[in-house]
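Visitor: The structure file coords01.cif (mmCIF, N, CA and C atoms) is provided below.
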data_coords
loop_
_atom_site.group_PDB
_atom_site.id
_atom_site.type_symbol
_atom_site.label_atom_id
_atom_site.label_comp_id
_atom_site.auth_asym_id
_atom_site.auth_seq_id
_atom_site.Cartn_x
_atom_site.Cartn_y
_atom_site.Cartn_z
ATOM 1 N N ASN A 1 -21.565 143.504 112.606
ATOM 2 C CA ASN A 1 -22.748 143.458 111.752
ATOM 3 C C ASN A 1 -23.156 142.037 111.402
ATOM 4 N N LYS A 2 -22.656 141.057 112.106
ATOM 5 C CA LYS A 2 -22.980 139.656 111.830
ATOM 6 C C LYS A 2 -24.271 139.254 112.526
ATOM 7 N N LYS A 3 -24.967 138.306 111.914
ATOM 8 C CA LYS A 3 -26.128 137.693 112.553
ATOM 9 C C LYS A 3 -25.623 136.551 113.425
ATOM 10 N N TYR A 4 -26.244 136.364 114.588
ATOM 11 C CA TYR A 4 -25.792 135.333 115.511
ATOM 12 C C TYR A 4 -26.924 134.914 116.430
ATOM 13 N N THR A 5 -26.701 133.826 117.166
ATOM 14 C CA THR A 5 -27.564 133.424 118.264
ATOM 15 C C THR A 5 -26.690 133.041 119.448
ATOM 16 N N CYS A 6 -27.296 133.042 120.625
ATOM 17 C CA CYS A 6 -26.599 132.676 121.858
ATOM 18 C C CYS A 6 -27.654 132.545 122.955
ATOM 19 N N PHE A 7 -27.211 132.222 124.188
ATOM 20 C CA PHE A 7 -28.144 132.267 125.303
ATOM 21 C C PHE A 7 -28.798 133.643 125.309
ATOM 22 N N THR A 8 -30.086 133.683 125.499
ATOM 23 C CA THR A 8 -30.804 134.958 125.475
ATOM 24 C C THR A 8 -30.224 135.948 126.474
ATOM 25 N N SER A 9 -29.818 135.479 127.627
ATOM 26 C CA SER A 9 -29.281 136.371 128.659
ATOM 27 C C SER A 9 -27.936 136.984 128.277
ATOM 28 N N MET A 10 -27.239 136.406 127.291
ATOM 29 C CA MET A 10 -25.946 136.928 126.861
ATOM 30 C C MET A 10 -26.068 137.840 125.641
ATOM 31 N N ASN A 11 -27.258 138.004 125.123
ATOM 32 C CA ASN A 11 -27.489 138.732 123.902
ATOM 33 C C ASN A 11 -26.840 140.123 123.888
ATOM 34 N N GLU A 12 -26.898 140.840 124.973
ATOM 35 C CA GLU A 12 -26.385 142.213 125.034
ATOM 36 C C GLU A 12 -24.852 142.283 125.013
ATOM 37 N N GLU A 13 -24.172 141.152 125.157
ATOM 38 C CA GLU A 13 -22.714 141.149 125.230
ATOM 39 C C GLU A 13 -22.035 141.159 123.861
ATOM 40 N N PHE A 14 -22.804 141.039 122.785
ATOM 41 C CA PHE A 14 -22.227 140.924 121.449
ATOM 42 C C PHE A 14 -22.752 142.028 120.540
ATOM 43 N N ASP A 15 -21.902 142.405 119.595
ATOM 44 C CA ASP A 15 -22.347 143.308 118.536
ATOM 45 C C ASP A 15 -22.956 142.465 117.435
ATOM 46 N N GLY A 16 -23.832 143.036 116.662
ATOM 47 C CA GLY A 16 -24.437 142.310 115.563
ATOM 48 C C GLY A 16 -25.937 142.207 115.738
ATOM 49 N N GLU A 17 -26.531 141.331 114.948
ATOM 50 C CA GLU A 17 -27.984 141.155 114.963
ATOM 51 C C GLU A 17 -28.336 139.808 115.581
ATOM 52 N N TYR A 18 -28.935 139.853 116.767
ATOM 53 C CA TYR A 18 -29.354 138.640 117.465
ATOM 54 C C TYR A 18 -30.571 138.060 116.760
ATOM 55 N N ILE A 19 -30.542 136.739 116.496
ATOM 56 C CA ILE A 19 -31.648 136.012 115.899
ATOM 57 C C ILE A 19 -32.058 134.923 116.894
ATOM 58 N N ALA A 20 -33.328 134.866 117.255
ATOM 59 C CA ALA A 20 -33.818 133.895 118.240
ATOM 60 C C ALA A 20 -34.114 132.560 117.566
ATOM 61 N N GLN A 21 -33.053 131.814 117.225
ATOM 62 C CA GLN A 21 -33.147 130.483 116.621
ATOM 63 C C GLN A 21 -32.097 129.601 117.274
ATOM 64 N N TYR A 22 -32.238 128.287 117.091
ATOM 65 C CA TYR A 22 -31.240 127.359 117.617
ATOM 66 C C TYR A 22 -29.888 127.537 116.945
ATOM 67 N N VAL A 23 -29.884 127.704 115.628
ATOM 68 C CA VAL A 23 -28.643 127.850 114.873
ATOM 69 C C VAL A 23 -28.800 128.998 113.887
ATOM 70 N N VAL A 24 -27.761 129.810 113.784
ATOM 71 C CA VAL A 24 -27.756 130.920 112.835
ATOM 72 C C VAL A 24 -26.450 130.882 112.061
ATOM 73 N N GLU A 25 -26.557 131.024 110.745
ATOM 74 C CA GLU A 25 -25.382 131.087 109.876
ATOM 75 C C GLU A 25 -25.290 132.467 109.245
ATOM 76 N N ASP A 26 -24.100 133.016 109.228
ATOM 77 C CA ASP A 26 -23.817 134.265 108.530
ATOM 78 C C ASP A 26 -22.461 134.086 107.857
ATOM 79 N N ASN A 27 -22.507 133.753 106.579
ATOM 80 C CA ASN A 27 -21.316 133.374 105.816
ATOM 81 C C ASN A 27 -20.625 132.197 106.505
ATOM 82 N N ASN A 28 -19.387 132.358 106.962
ATOM 83 C CA ASN A 28 -18.669 131.250 107.596
ATOM 84 C C ASN A 28 -18.834 131.210 109.109
ATOM 85 N N LEU A 29 -19.626 132.116 109.664
ATOM 86 C CA LEU A 29 -19.890 132.121 111.100
ATOM 87 C C LEU A 29 -21.154 131.308 111.374
ATOM 88 N N ILE A 30 -21.019 130.276 112.193
ATOM 89 C CA ILE A 30 -22.159 129.452 112.593
ATOM 90 C C ILE A 30 -22.222 129.496 114.116
ATOM 91 N N THR A 31 -23.377 129.926 114.655
ATOM 92 C CA THR A 31 -23.526 130.009 116.100
ATOM 93 C C THR A 31 -24.706 129.168 116.544
ATOM 94 N N GLY A 32 -24.627 128.660 117.783
ATOM 95 C CA GLY A 32 -25.692 127.865 118.368
ATOM 96 C C GLY A 32 -26.187 128.509 119.647
ATOM 97 N N LYS A 33 -27.474 128.359 119.920
ATOM 98 C CA LYS A 33 -28.112 129.003 121.062
ATOM 99 C C LYS A 33 -27.699 128.400 122.393
ATOM 100 N N SER A 34 -27.587 127.060 122.438
ATOM 101 C CA SER A 34 -27.287 126.391 123.706
ATOM 102 C C SER A 34 -26.888 124.948 123.424
ATOM 103 N N ALA A 35 -26.625 124.201 124.476
ATOM 104 C CA ALA A 35 -26.293 122.789 124.307
ATOM 105 C C ALA A 35 -27.444 122.032 123.651
ATOM 106 N N ALA A 36 -28.662 122.486 123.853
ATOM 107 C CA ALA A 36 -29.824 121.845 123.234
ATOM 108 C C ALA A 36 -29.787 121.949 121.710
ATOM 109 N N ALA A 37 -29.013 122.870 121.193
ATOM 110 C CA ALA A 37 -28.903 123.075 119.743
ATOM 111 C C ALA A 37 -27.741 122.298 119.130
ATOM 112 N N SER A 38 -27.079 121.451 119.900
ATOM 113 C CA SER A 38 -25.842 120.818 119.427
ATOM 114 C C SER A 38 -26.025 119.962 118.177
ATOM 115 N N ILE A 39 -27.125 119.235 118.064
ATOM 116 C CA ILE A 39 -27.331 118.401 116.868
ATOM 117 C C ILE A 39 -27.578 119.280 115.650
ATOM 118 N N ASP A 40 -28.444 120.286 115.794
ATOM 119 C CA ASP A 40 -28.685 121.203 114.681
ATOM 120 C C ASP A 40 -27.402 121.951 114.301
ATOM 121 N N PHE A 41 -26.610 122.321 115.294
ATOM 122 C CA PHE A 41 -25.338 122.995 115.063
ATOM 123 C C PHE A 41 -24.384 122.082 114.279
ATOM 124 N N ALA A 42 -24.319 120.822 114.681
ATOM 125 C CA ALA A 42 -23.460 119.855 113.981
ATOM 126 C C ALA A 42 -23.898 119.690 112.530
ATOM 127 N N PHE A 43 -25.204 119.595 112.297
ATOM 128 C CA PHE A 43 -25.687 119.460 110.925
ATOM 129 C C PHE A 43 -25.400 120.705 110.090
ATOM 130 N N ALA A 44 -25.422 121.878 110.701
ATOM 131 C CA ALA A 44 -25.075 123.099 109.972
ATOM 132 C C ALA A 44 -23.613 123.057 109.530
ATOM 133 N N ILE A 45 -22.743 122.552 110.396
ATOM 134 C CA ILE A 45 -21.317 122.427 110.052
ATOM 135 C C ILE A 45 -21.133 121.389 108.944
ATOM 136 N N ILE A 46 -21.792 120.244 109.082
ATOM 137 C CA ILE A 46 -21.697 119.197 108.049
ATOM 138 C C ILE A 46 -22.158 119.731 106.702
ATOM 139 N N LYS A 47 -23.264 120.442 106.697
ATOM 140 C CA LYS A 47 -23.784 121.007 105.447
ATOM 141 C C LYS A 47 -22.811 122.020 104.848
ATOM 142 N N LYS A 48 -22.217 122.860 105.691
ATOM 143 C CA LYS A 48 -21.275 123.886 105.216
ATOM 144 C C LYS A 48 -20.036 123.237 104.604
ATOM 145 N N ILE A 49 -19.543 122.186 105.228
ATOM 146 C CA ILE A 49 -18.309 121.545 104.768
ATOM 147 C C ILE A 49 -18.564 120.534 103.656
ATOM 148 N N GLY A 50 -19.598 119.709 103.822
ATOM 149 C CA GLY A 50 -19.815 118.600 102.892
ATOM 150 C C GLY A 50 -20.987 118.743 101.946
ATOM 151 N N GLY A 51 -21.827 119.757 102.168
ATOM 152 C CA GLY A 51 -22.964 119.982 101.290
ATOM 153 C C GLY A 51 -24.249 119.332 101.788
ATOM 154 N N SER A 52 -25.344 119.697 101.136
ATOM 155 C CA SER A 52 -26.674 119.220 101.522
ATOM 156 C C SER A 52 -26.831 117.716 101.384
ATOM 157 N N ASN A 53 -26.217 117.141 100.358
ATOM 158 C CA ASN A 53 -26.345 115.696 100.152
ATOM 159 C C ASN A 53 -25.758 114.915 101.325
ATOM 160 N N LEU A 54 -24.586 115.317 101.789
ATOM 161 C CA LEU A 54 -23.969 114.639 102.933
ATOM 162 C C LEU A 54 -24.810 114.834 104.180
ATOM 163 N N GLU A 55 -25.305 116.038 104.388
ATOM 164 C CA GLU A 55 -26.161 116.300 105.550
ATOM 165 C C GLU A 55 -27.381 115.378 105.543
ATOM 166 N N GLU A 56 -28.063 115.292 104.422
ATOM 167 C CA GLU A 56 -29.255 114.446 104.327
ATOM 168 C C GLU A 56 -28.922 112.963 104.466
ATOM 169 N N LYS A 57 -27.780 112.554 103.933
ATOM 170 C CA LYS A 57 -27.352 111.159 104.061
ATOM 171 C C LYS A 57 -27.158 110.794 105.530
ATOM 172 N N ILE A 58 -26.486 111.652 106.276
ATOM 173 C CA ILE A 58 -26.240 111.372 107.692
ATOM 174 C C ILE A 58 -27.547 111.413 108.484
ATOM 175 N N LYS A 59 -28.406 112.365 108.179
ATOM 176 C CA LYS A 59 -29.706 112.432 108.853
ATOM 177 C C LYS A 59 -30.506 111.146 108.642
ATOM 178 N N SER A 60 -30.407 110.598 107.443
ATOM 179 C CA SER A 60 -31.165 109.380 107.153
ATOM 180 C C SER A 60 -30.595 108.152 107.844
ATOM 181 N N GLN A 61 -29.350 108.228 108.294
ATOM 182 C CA GLN A 61 -28.701 107.094 108.938
ATOM 183 C C GLN A 61 -28.844 107.086 110.451
ATOM 184 N N ILE A 62 -29.341 108.185 111.016
ATOM 185 C CA ILE A 62 -29.522 108.250 112.449
ATOM 186 C C ILE A 62 -30.967 108.623 112.746
ATOM 187 N N TYR A 63 -31.363 108.491 113.986
ATOM 188 C CA TYR A 63 -32.684 108.951 114.381
ATOM 189 C C TYR A 63 -32.603 110.453 114.563
ATOM 190 N N TYR A 64 -33.248 111.191 113.695
ATOM 191 C CA TYR A 64 -33.245 112.641 113.791
ATOM 192 C C TYR A 64 -34.601 113.162 113.368
ATOM 193 N N LYS A 65 -35.272 113.831 114.285
ATOM 194 C CA LYS A 65 -36.591 114.397 114.005
ATOM 195 C C LYS A 65 -36.473 115.915 114.039
ATOM 196 N N GLN A 66 -36.816 116.558 112.936
ATOM 197 C CA GLN A 66 -36.738 118.019 112.886
ATOM 198 C C GLN A 66 -37.951 118.642 113.475
#
As structure tokens, how would this structure be written, given the file I've shared?

Guide:
Amino acid sequence: NKKYTCFTSMNEEFDGEYIAQYVVEDNNLITGKSAAASIDFAFAIIKKIGGSNLEEKIKSQIYYKQ
């Protein structure tokens, strides 16, 4: 019953609710759609572990365009 994302072609291989986004969080489960989502995936992990302030601090220190 978890929400998740993955390669669209793999969607049928998992139970749960597929969400067509780069990154999906469901409690402590964080999934990424593809390698193209790696930066967004990393920021989701940083935010989960260190909070929004740390996420924004790191974003401001690197070139990152949302």

Visitor: List every residue of chain A that DSSP, applied to the backbone of this structure, places in strand (DSSP E or B), and write the result as JSON, numbers by chain.

Guide: {"A": [3, 4, 17, 18, 23, 24, 25, 26, 29, 30, 31, 32]}

Visitor: To one decimal place, how far is atom CA of A:Thr31 from atom CA of A:Ala44 in Å?

Guide: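 For atom CA of A:Thr31 relative to atom CA of A:Ala44, the distance reads 9.4 Å.
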
Visitor: Out of A:Lys48, A:Thr5, A:Asp26, A:Ile39, which residue has the shortest atom-to-atom distance to A:Tyr63 when counting only C-alpha atoms?

Guide: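 Of the candidates, the smallest distance to A:Tyr63 is held by A:Ile39.
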
Visitor: For atom C of A:Ile62 and atom C of A:Phe7, determine how far apart the two atoms are, in Å to one decimal place.

Guide: 28.1 Å

Visitor: For A:Thr8, which residue among A:Ala20, A:Ile49, A:Ala42, A:Leu29 is the nearest when counting only N, CA and C atoms?

Guide: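 Closest to A:Thr8, using only N, CA and C atoms: A:Ala20.
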
Visitor: Expressed in Å to a single decimal, how great is the separation between atom CA of A:Gly16 and atom CA of A:Lys3?

Guide: 5.8 Å
